[in-house]
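Structure record follows, encoded as C-alpha coordinates.
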Amino acid sequence: MTAELTETIVNTLPKRKRRLPSPVGMAAFAVLALFVLLAVIGPWVAPFPPNELNVGERILGPTGEFLFGTDALGRDQFSRVLIAIRPAVIAATAATGFALVIGTILGLIAGFWGGMIDGIVSRIIDFLFSIPEYLLAILVLAILGRGLMNAAVAIGIVFIPRFARTVRSATQEIMSRNYISAARLSGRGKVWIMVRHVLPNITSPLIVIAAINLSMSSGAYAALSFLGFGVRPPNPDFGSMISDSLQYIGSDPWLIVPPAAVFVLFILAINLAGDAIRDLLDPKTKGR
(Lines give C-alpha, C1' and ligand atoms only; values in the text may rest on other atoms or scores of the structure.)
Protein backbone atom coordinates (compact mmCIF):
# COMPACT_ATOMS: atom_id res chain seq x y z
CA MET A 1 0.00 0.00 0.00
CA THR A 2 2.82 2.35 0.90
CA ALA A 3 4.63 1.61 -2.36
CA GLU A 4 1.48 2.27 -4.39
CA LEU A 5 0.88 5.56 -2.55
CA THR A 6 4.47 6.64 -3.14
CA GLU A 7 4.22 5.81 -6.85
CA THR A 8 0.96 7.75 -7.11
CA ILE A 9 2.50 10.82 -5.49
CA VAL A 10 5.57 10.65 -7.73
CA ASN A 11 3.43 10.35 -10.84
CA THR A 12 1.42 13.41 -9.88
CA LEU A 13 4.52 15.59 -9.47
CA PRO A 14 5.15 17.99 -12.38
CA LYS A 15 7.66 16.63 -14.84
CA ARG A 16 10.61 18.89 -15.49
CA LYS A 17 10.82 19.50 -19.18
CA ARG A 18 14.11 18.88 -20.83
CA ARG A 19 15.30 22.05 -22.50
CA LEU A 20 17.19 21.90 -25.75
CA PRO A 21 18.80 24.70 -27.76
CA SER A 22 16.77 26.25 -30.55
CA PRO A 23 17.44 25.06 -34.12
CA VAL A 24 19.49 28.20 -34.71
CA GLY A 25 21.50 27.50 -31.55
CA MET A 26 22.10 23.89 -32.55
CA ALA A 27 23.25 25.03 -35.99
CA ALA A 28 25.62 27.52 -34.33
CA PHE A 29 27.09 24.76 -32.13
CA ALA A 30 27.55 22.58 -35.22
CA VAL A 31 29.38 25.39 -37.06
CA LEU A 32 31.58 26.01 -34.02
CA ALA A 33 32.38 22.31 -33.82
CA LEU A 34 33.38 22.43 -37.50
CA PHE A 35 35.66 25.41 -36.84
CA VAL A 36 37.32 23.62 -33.94
CA LEU A 37 37.80 20.51 -36.10
CA LEU A 38 39.32 22.57 -38.91
CA ALA A 39 41.60 24.31 -36.41
CA VAL A 40 42.97 20.89 -35.50
CA ILE A 41 43.19 19.24 -38.93
CA GLY A 42 43.60 22.35 -41.08
CA PRO A 43 47.30 21.87 -41.88
CA TRP A 44 46.63 18.30 -43.04
CA VAL A 45 43.61 19.02 -45.27
CA ALA A 46 44.91 22.21 -46.88
CA PRO A 47 45.43 21.50 -50.59
CA PHE A 48 48.59 23.63 -50.79
CA PRO A 49 51.25 24.82 -48.34
CA PRO A 50 49.86 28.14 -47.07
CA ASN A 51 53.10 30.06 -47.60
CA GLU A 52 54.09 28.57 -50.96
CA LEU A 53 54.79 31.36 -53.47
CA ASN A 54 53.72 31.12 -57.10
CA VAL A 55 54.28 34.49 -58.72
CA GLY A 56 53.07 33.21 -62.09
CA GLU A 57 49.58 32.68 -60.67
CA ARG A 58 49.17 35.76 -58.52
CA ILE A 59 45.78 37.45 -57.94
CA LEU A 60 43.73 34.76 -59.61
CA GLY A 61 39.99 34.49 -59.14
CA PRO A 62 38.34 31.35 -57.81
CA THR A 63 39.05 28.34 -60.04
CA GLY A 64 38.75 24.58 -59.81
CA GLU A 65 42.35 24.38 -58.57
CA PHE A 66 42.26 27.44 -56.32
CA LEU A 67 38.81 27.53 -54.69
CA PHE A 68 39.28 31.01 -53.18
CA GLY A 69 41.78 32.23 -55.76
CA THR A 70 45.31 33.38 -54.99
CA ASP A 71 46.72 36.46 -53.30
CA ALA A 72 49.28 39.01 -54.51
CA LEU A 73 52.13 36.52 -54.01
CA GLY A 74 50.37 33.60 -55.67
CA ARG A 75 49.55 31.83 -52.39
CA ASP A 76 46.41 29.73 -52.28
CA GLN A 77 43.70 31.66 -50.41
CA PHE A 78 41.72 28.56 -49.46
CA SER A 79 44.72 26.97 -47.73
CA ARG A 80 45.55 30.19 -45.92
CA VAL A 81 41.97 30.62 -44.69
CA LEU A 82 42.03 27.05 -43.34
CA ILE A 83 45.27 27.72 -41.49
CA ALA A 84 43.96 31.08 -40.19
CA ILE A 85 41.16 29.32 -38.31
CA ARG A 86 43.60 27.87 -35.77
CA PRO A 87 44.98 31.17 -34.37
CA ALA A 88 41.42 32.59 -34.26
CA VAL A 89 40.19 29.66 -32.14
CA ILE A 90 43.29 29.60 -29.93
CA ALA A 91 43.24 33.36 -29.31
CA ALA A 92 39.54 33.40 -28.41
CA THR A 93 39.70 30.42 -26.02
CA ALA A 94 43.03 31.35 -24.42
CA ALA A 95 42.08 35.00 -23.83
CA THR A 96 38.66 34.07 -22.43
CA GLY A 97 40.10 31.33 -20.23
CA PHE A 98 42.80 33.65 -18.86
CA ALA A 99 40.29 36.40 -18.10
CA LEU A 100 37.85 33.88 -16.60
CA VAL A 101 40.36 32.40 -14.15
CA ILE A 102 41.98 35.66 -13.00
CA GLY A 103 38.72 37.61 -12.94
CA THR A 104 36.93 34.90 -10.96
CA ILE A 105 39.69 34.77 -8.36
CA LEU A 106 39.74 38.56 -7.94
CA GLY A 107 35.94 38.78 -7.79
CA LEU A 108 35.69 35.99 -5.21
CA ILE A 109 38.33 37.58 -2.99
CA ALA A 110 36.74 41.03 -3.20
CA GLY A 111 33.17 39.83 -2.67
CA PHE A 112 33.94 37.32 0.07
CA TRP A 113 36.35 39.26 2.29
CA GLY A 114 35.04 42.77 1.66
CA GLY A 115 36.48 45.71 3.58
CA MET A 116 39.93 46.92 2.62
CA ILE A 117 40.59 43.96 0.33
CA ASP A 118 37.42 44.71 -1.59
CA GLY A 119 38.46 48.35 -1.85
CA ILE A 120 41.90 47.48 -3.25
CA VAL A 121 40.57 44.98 -5.80
CA SER A 122 37.78 47.37 -6.83
CA ARG A 123 40.27 50.17 -7.44
CA ILE A 124 42.38 47.86 -9.62
CA ILE A 125 39.28 46.89 -11.60
CA ASP A 126 38.26 50.55 -11.97
CA PHE A 127 41.77 51.43 -13.15
CA LEU A 128 41.67 48.75 -15.85
CA PHE A 129 38.20 49.89 -16.89
CA SER A 130 39.41 53.49 -17.20
CA ILE A 131 41.92 52.64 -19.93
CA PRO A 132 40.53 52.19 -23.47
CA GLU A 133 40.52 48.48 -24.22
CA TYR A 134 42.59 48.42 -27.39
CA LEU A 135 45.05 50.93 -25.98
CA LEU A 136 45.56 48.70 -22.94
CA ALA A 137 46.06 45.65 -25.17
CA ILE A 138 48.62 47.50 -27.30
CA LEU A 139 50.45 48.68 -24.15
CA VAL A 140 50.67 45.09 -22.91
CA LEU A 141 51.90 43.90 -26.32
CA ALA A 142 54.51 46.66 -26.33
CA ILE A 143 55.90 45.04 -23.19
CA LEU A 144 55.43 41.37 -24.10
CA GLY A 145 56.09 41.61 -27.84
CA ARG A 146 53.98 40.47 -30.78
CA GLY A 147 52.75 36.90 -31.18
CA LEU A 148 49.66 34.76 -30.81
CA MET A 149 49.88 33.88 -27.12
CA ASN A 150 51.08 37.36 -26.12
CA ALA A 151 48.08 38.82 -27.94
CA ALA A 152 45.80 36.35 -26.12
CA VAL A 153 47.26 37.40 -22.76
CA ALA A 154 46.83 41.09 -23.64
CA ILE A 155 43.18 40.54 -24.60
CA GLY A 156 42.65 38.48 -21.46
CA ILE A 157 43.96 41.32 -19.29
CA VAL A 158 41.53 43.68 -21.02
CA PHE A 159 38.57 41.42 -20.19
CA ILE A 160 39.53 40.58 -16.60
CA PRO A 161 37.46 43.46 -15.13
CA ARG A 162 34.27 42.16 -16.77
CA PHE A 163 34.55 38.82 -15.00
CA ALA A 164 35.83 40.29 -11.74
CA ARG A 165 33.00 42.81 -11.39
CA THR A 166 30.33 40.20 -12.19
CA VAL A 167 31.76 37.66 -9.76
CA ARG A 168 32.15 40.28 -7.04
CA SER A 169 28.51 41.35 -7.28
CA ALA A 170 27.24 37.77 -7.39
CA THR A 171 29.42 36.78 -4.43
CA GLN A 172 28.20 39.68 -2.31
CA GLU A 173 24.60 38.69 -3.02
CA ILE A 174 25.25 35.04 -2.11
CA MET A 175 27.08 35.96 1.10
CA SER A 176 23.84 37.36 2.52
CA ARG A 177 22.00 34.04 2.29
CA ASN A 178 21.18 31.84 5.23
CA TYR A 179 23.14 28.77 4.16
CA ILE A 180 26.36 30.82 4.19
CA SER A 181 25.66 31.84 7.81
CA ALA A 182 24.90 28.21 8.66
CA ALA A 183 28.19 27.07 7.10
CA ARG A 184 30.09 29.67 9.12
CA LEU A 185 28.37 28.66 12.36
CA SER A 186 29.24 25.02 11.69
CA GLY A 187 32.92 25.94 11.64
CA ARG A 188 33.60 25.66 7.94
CA GLY A 189 36.66 27.50 6.65
CA LYS A 190 36.48 30.43 4.24
CA VAL A 191 38.09 28.57 1.36
CA TRP A 192 35.68 25.65 1.86
CA ILE A 193 32.69 27.99 1.80
CA MET A 194 33.93 29.72 -1.36
CA VAL A 195 34.55 26.46 -3.20
CA ARG A 196 31.52 24.53 -1.93
CA HIS A 197 28.82 27.20 -1.74
CA VAL A 198 29.79 30.40 -3.55
CA LEU A 199 31.51 29.18 -6.70
CA PRO A 200 28.80 26.66 -7.77
CA ASN A 201 26.14 29.37 -7.46
CA ILE A 202 27.91 31.79 -9.80
CA THR A 203 28.67 29.22 -12.51
CA SER A 204 25.70 30.12 -14.71
CA PRO A 205 26.50 33.83 -15.13
CA LEU A 206 30.16 32.96 -15.65
CA ILE A 207 29.31 30.60 -18.49
CA VAL A 208 27.14 33.23 -20.15
CA ILE A 209 29.81 35.93 -19.85
CA ALA A 210 32.48 33.53 -21.13
CA ALA A 211 30.35 32.69 -24.18
CA ILE A 212 29.84 36.39 -24.93
CA ASN A 213 33.51 37.19 -24.44
CA LEU A 214 34.59 34.46 -26.86
CA SER A 215 33.33 36.49 -29.81
CA MET A 216 34.70 39.71 -28.36
CA SER A 217 38.11 38.09 -27.85
CA SER A 218 38.16 36.77 -31.40
CA GLY A 219 37.22 40.19 -32.75
CA ALA A 220 39.87 41.87 -30.60
CA TYR A 221 42.53 39.45 -31.82
CA ALA A 222 41.55 40.05 -35.45
CA ALA A 223 41.86 43.81 -34.84
CA LEU A 224 45.29 43.39 -33.24
CA SER A 225 46.50 41.12 -36.04
CA PHE A 226 45.16 43.67 -38.55
CA LEU A 227 47.52 46.15 -36.87
CA GLY A 228 50.41 43.68 -37.05
CA PHE A 229 50.40 42.29 -33.49
CA GLY A 230 49.19 38.77 -34.33
CA VAL A 231 51.07 35.74 -35.61
CA ARG A 232 54.36 36.43 -37.26
CA PRO A 233 54.31 36.67 -41.06
CA PRO A 234 54.15 34.90 -43.41
CA ASN A 235 51.82 32.73 -41.29
CA PRO A 236 48.21 33.70 -41.98
CA ASP A 237 45.41 34.87 -39.74
CA PHE A 238 42.19 36.67 -40.58
CA GLY A 239 43.29 40.15 -39.52
CA SER A 240 46.56 40.14 -41.47
CA MET A 241 44.88 38.63 -44.56
CA ILE A 242 42.23 41.35 -44.54
CA SER A 243 44.90 44.00 -44.02
CA ASP A 244 46.99 42.71 -46.95
CA SER A 245 43.92 42.68 -49.21
CA LEU A 246 42.89 46.28 -48.56
CA GLN A 247 45.31 47.74 -51.11
CA TYR A 248 43.61 45.69 -53.84
CA ILE A 249 40.02 46.44 -52.82
CA GLY A 250 39.58 48.83 -55.75
CA SER A 251 40.98 46.55 -58.49
CA ASP A 252 40.37 43.04 -57.06
CA PRO A 253 37.78 43.33 -54.27
CA TRP A 254 37.16 39.58 -54.19
CA LEU A 255 40.56 39.12 -52.48
CA ILE A 256 39.11 40.35 -49.17
CA VAL A 257 35.93 38.28 -49.36
CA PRO A 258 37.12 34.77 -48.29
CA PRO A 259 38.92 35.72 -45.03
CA ALA A 260 36.30 38.32 -44.13
CA ALA A 261 33.35 35.98 -44.83
CA VAL A 262 34.82 33.06 -42.86
CA PHE A 263 35.69 35.34 -39.97
CA VAL A 264 32.17 36.83 -39.91
CA LEU A 265 30.73 33.30 -39.92
CA PHE A 266 32.97 32.38 -36.98
CA ILE A 267 31.88 35.43 -34.96
CA LEU A 268 28.22 34.89 -35.85
CA ALA A 269 28.36 31.25 -34.76
CA ILE A 270 29.91 32.22 -31.41
CA ASN A 271 27.28 34.91 -30.80
CA LEU A 272 24.35 32.63 -31.65
CA ALA A 273 25.79 29.83 -29.52
CA GLY A 274 26.23 32.29 -26.65
CA ASP A 275 22.58 33.37 -27.01
CA ALA A 276 21.51 29.71 -26.92
CA ILE A 277 23.54 29.09 -23.76
CA ARG A 278 22.04 32.17 -22.13
CA ASP A 279 18.52 31.02 -22.99
CA LEU A 280 19.21 27.58 -21.52
CA LEU A 281 20.66 28.90 -18.28
CA ASP A 282 18.25 31.84 -17.89
CA PRO A 283 14.79 31.05 -19.33
CA LYS A 284 13.61 34.60 -18.52
CA THR A 285 15.69 35.94 -21.41
CA LYS A 286 14.37 33.46 -23.97
CA GLY A 287 12.98 35.17 -27.04
CA ARG A 288 14.33 38.62 -26.23
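Ordering of the C-alpha coordinates sets the chain letters (A, B, ...); residue numbers start at 1 within each chain; ligands are numbered from 1 in the order shown.
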Where does region 34-114 of chain A meet region 226-235 of chain A within 8 Å, residue by residue, with the nearest atom pair and distance in Å to one decimal for each, counting only C-alpha atoms, listed by chain and rising number, as a tab-separated table?
residue	atom	partner	partner_atom	distance
A:Pro50	CA	A:Asn235	CA	7.6
A:Asn51	CA	A:Pro234	CA	6.5
A:Pro87	CA	A:Val231	CA	7.7
Residue subset to file, keeping C-alpha atoms, as a short mmCIF file (atom, residue, chain, number, x, y, z; two decimals), in the first residue's frame:
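Generated output (selection-v3.cif):
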data_model
loop_
_atom_site.label_atom_id
_atom_site.label_comp_id
_atom_site.auth_asym_id
_atom_site.auth_seq_id
_atom_site.Cartn_x
_atom_site.Cartn_y
_atom_site.Cartn_z
CA PRO A 50 49.86 28.14 -47.07
CA ASN A 51 53.10 30.06 -47.60
CA PRO A 87 44.98 31.17 -34.37
#
Between A:Arg177, A:Arg196, A:Arg146, A:Arg86, which residue has the minimum interatomic distance to Ser218 (chain A), considering only C-alpha atoms? A:Arg86
Using only C-alpha atoms, what does the table of region 233-283 of chain A residues within 10 Å of region 198-204 of chain A look like, with each row giving the shortest atom pair and its distance in Å to one decimal, sorted by chain and ascending number, as CSV?
residue,atom,partner,partner_atom,distance
A:Ile277,CA,A:Ser204,CA,9.4
A:Arg278,CA,A:Ser204,CA,8.5
A:Leu280,CA,A:Ser204,CA,9.7
A:Leu281,CA,A:Ser204,CA,6.3
A:Asp282,CA,A:Ser204,CA,8.3
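Every protein, DNA or RNA residue with an atom at most 12 Å from Phe112 (chain A), where only C-alpha atoms count and chain neighbours fewer than 4 positions away do not, is listed here: Thr104, Ile105, Leu106, Gly107, Leu108, Met116, Ile117, Asp118, Val121, Val167, Arg168, Ser169, Ala170, Thr171, Gln172, Glu173, Ile174, Met175, Ser176, Ile180, Lys190, Val191, Trp192, Ile193, Met194, Val195, His197, Val198 and Leu199 of chain A.
Distance annotation: of A:Val40, A:Val45, A:Ala137, A:Ile59, the residue with the minimal separation from Asp252 (chain A) is A:Ile59; atom set is only C-alpha atoms.
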Please identify all polymer residues within 8 Å of Asp237 (chain A), counting only C-alpha atoms, omitting same-chain residues fewer than 4 positions from it, and present them as a PDB file with N, CA and C atoms, in the first residue's frame.
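So result-v4.pdb came out as:
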ATOM      1  N   ARG A  80      45.224  29.206 -46.937  1.00  0.00           N
ATOM      2  CA  ARG A  80      45.554  30.195 -45.919  1.00  0.00           C
ATOM      3  C   ARG A  80      44.366  30.463 -44.995  1.00  0.00           C
ATOM      4  N   VAL A  81      43.148  30.447 -45.540  1.00  0.00           N
ATOM      5  CA  VAL A  81      41.971  30.616 -44.686  1.00  0.00           C
ATOM      6  C   VAL A  81      41.844  29.441 -43.724  1.00  0.00           C
ATOM      7  N   ILE A  83      44.236  27.592 -42.515  1.00  0.00           N
ATOM      8  CA  ILE A  83      45.266  27.722 -41.487  1.00  0.00           C
ATOM      9  C   ILE A  83      44.936  28.868 -40.533  1.00  0.00           C
ATOM     10  N   ALA A  84      44.286  29.923 -41.033  1.00  0.00           N
ATOM     11  CA  ALA A  84      43.963  31.082 -40.190  1.00  0.00           C
ATOM     12  C   ALA A  84      42.913  30.763 -39.137  1.00  0.00           C
ATOM     13  N   ILE A  85      42.176  29.676 -39.299  1.00  0.00           N
ATOM     14  CA  ILE A  85      41.157  29.315 -38.307  1.00  0.00           C
ATOM     15  C   ILE A  85      41.807  28.971 -36.975  1.00  0.00           C
ATOM     16  N   PRO A  87      44.694  30.064 -35.301  1.00  0.00           N
ATOM     17  CA  PRO A  87      44.979  31.173 -34.370  1.00  0.00           C
ATOM     18  C   PRO A  87      43.725  31.883 -33.881  1.00  0.00           C
ATOM     19  N   ALA A  88      42.668  31.943 -34.701  1.00  0.00           N
ATOM     20  CA  ALA A  88      41.424  32.592 -34.255  1.00  0.00           C
ATOM     21  C   ALA A  88      40.804  31.817 -33.098  1.00  0.00           C
ATOM     22  N   ALA A 222      41.521  39.701 -34.026  1.00  0.00           N
ATOM     23  CA  ALA A 222      41.554  40.054 -35.445  1.00  0.00           C
ATOM     24  C   ALA A 222      41.976  41.515 -35.629  1.00  0.00           C
ATOM     25  N   SER A 225      45.725  41.688 -34.938  1.00  0.00           N
ATOM     26  CA  SER A 225      46.496  41.117 -36.044  1.00  0.00           C
ATOM     27  C   SER A 225      46.412  42.010 -37.280  1.00  0.00           C
ATOM     28  N   GLY A 230      49.595  40.170 -34.415  1.00  0.00           N
ATOM     29  CA  GLY A 230      49.190  38.767 -34.325  1.00  0.00           C
ATOM     30  C   GLY A 230      50.342  37.820 -34.609  1.00  0.00           C
ATOM     31  N   VAL A 231      50.040  36.714 -35.288  1.00  0.00           N
ATOM     32  CA  VAL A 231      51.066  35.735 -35.612  1.00  0.00           C
ATOM     33  C   VAL A 231      52.104  36.381 -36.525  1.00  0.00           C
ATOM     34  N   MET A 241      45.332  38.878 -43.192  1.00  0.00           N
ATOM     35  CA  MET A 241      44.879  38.634 -44.564  1.00  0.00           C
ATOM     36  C   MET A 241      43.975  39.770 -45.042  1.00  0.00           C
TER      37      MET A 241
END
